[in-house]
Amino acid sequence: MGRGKIEIKKIENPTNRQVTYSKRRAGIMKKAREITVLCDADVSLIMFSSTGKFFEYCSPSTETKKVFDRYQQVSGINLWSAQYEKMQNTLNHLKEINHNLRREVRQRMGEDLEGLDIKELRGLEQNMDEALKLVRNRKYHVISTQTDTYKKKLKNSQETHRNLMRELEVVEEHPIFGFDDDSSNYEGILSLANGGTPHMYAFHVQPTQPNLHEMRYGPHDLRLA
């Protein structure tokens with residue numbers, strides 16, 4: 001006794017529908033491979049499930065695009081005309097945008113104003129005034145930032161100068177000591193100005209001390225407490 005005839009209609013149960021689709025898809029793919037081998041046919045098969053999953057089969061001797069090209073030649077139907085028209089419309093739209101932007105730039109430069117009426121001229125003037133305000137505000141911000149930076153540098157320089165003056169006053173208050181003429185001790189002066197200790201200076205006794213006239217102290221012989 002043979003099986004009863006199955007009514008062809010949509011399977012409402014999602015699980016049963018997916019199982020049936022998987023089985024029938026496998027059968028169709030098998031038939032496509034068989035007809036390719038048995039009959040030397042060019043076959044291109046594309047399938048989408050109800051969930052949007054994509055499956056395809058194409059004969060090893062050809063490509064899907066070649067099959068579509070042959071279909072267009074035989075049927076006289078252009079499969080890409082709609083897509084080409086859409087691309088052409090997009091291109092025209094972009095060209096129009098580019099043209100308008102170029103014209104706007106020229107108008108902001110004071111060119112191509114002949115075709116503007118009084119309303120458009122007022123609008124252009126207002127836009128340029130607003131742009132000028134933005135540029136001016138940015139300029140003032142940059143100037144303010146640079147001024148603050150210069151003030152900080154000036155403050156640091158003044159502080160360094162005050163430190164050097166204080167050190168000079170200390171030396172002047174003790175005339176018995178003087179700077180060694182040895183230029184190598186110049187680094188000690190700079191170190192003291194930057195917060196170093198006084199013993200980094202090299203001194204020698206002034207000629208006013210006759211008993212010590214011939215004595216000379218280097219940086220390691222005499223240190224200030």
# chains A, B, ... in the order shown; residues from 1 in each chain; ligands from 1
call {"tool": "residues_around", "arguments": {"residues": "Thr51 of chain A", "least_positions_apart": "4", "cutoff": "12 Å", "atoms": "only C-alpha atoms", "output": "ChimeraX atom specification"}}
result
/A:14-15,17-18,21,47,55
call {"tool": "atom_distance", "arguments": {"atom1": "atom CA of Tyr57 of chain A", "atom2": "atom CA of Ser81 of chain A"}}
result
25.0 Å
call {"tool": "select_by_dssp", "arguments": {"residues": "segment 13-183 of chain A", "states": "strand (DSSP E)", "output": "list in words"}}
result
Ser44, Leu45, Ile46, Met47, Phe48, Phe54, Phe55, Glu56, Tyr57, Cys58, Phe177, Gly178 and Phe179 of chain A
call {"tool": "atom_distance", "arguments": {"atom1": "atom CA of Lys10 of chain A", "atom2": "atom CA of Thr64 of chain A"}}
result
29.3 Å
call {"tool": "residues_around", "arguments": {"residues": "Glu104 of chain A", "least_positions_apart": "4", "cutoff": "12 Å", "atoms": "only C-alpha atoms", "output": "PyMOL selection string"}}
result
chain A and resi 97-100+108-113+116+120-121+123-124+127-128
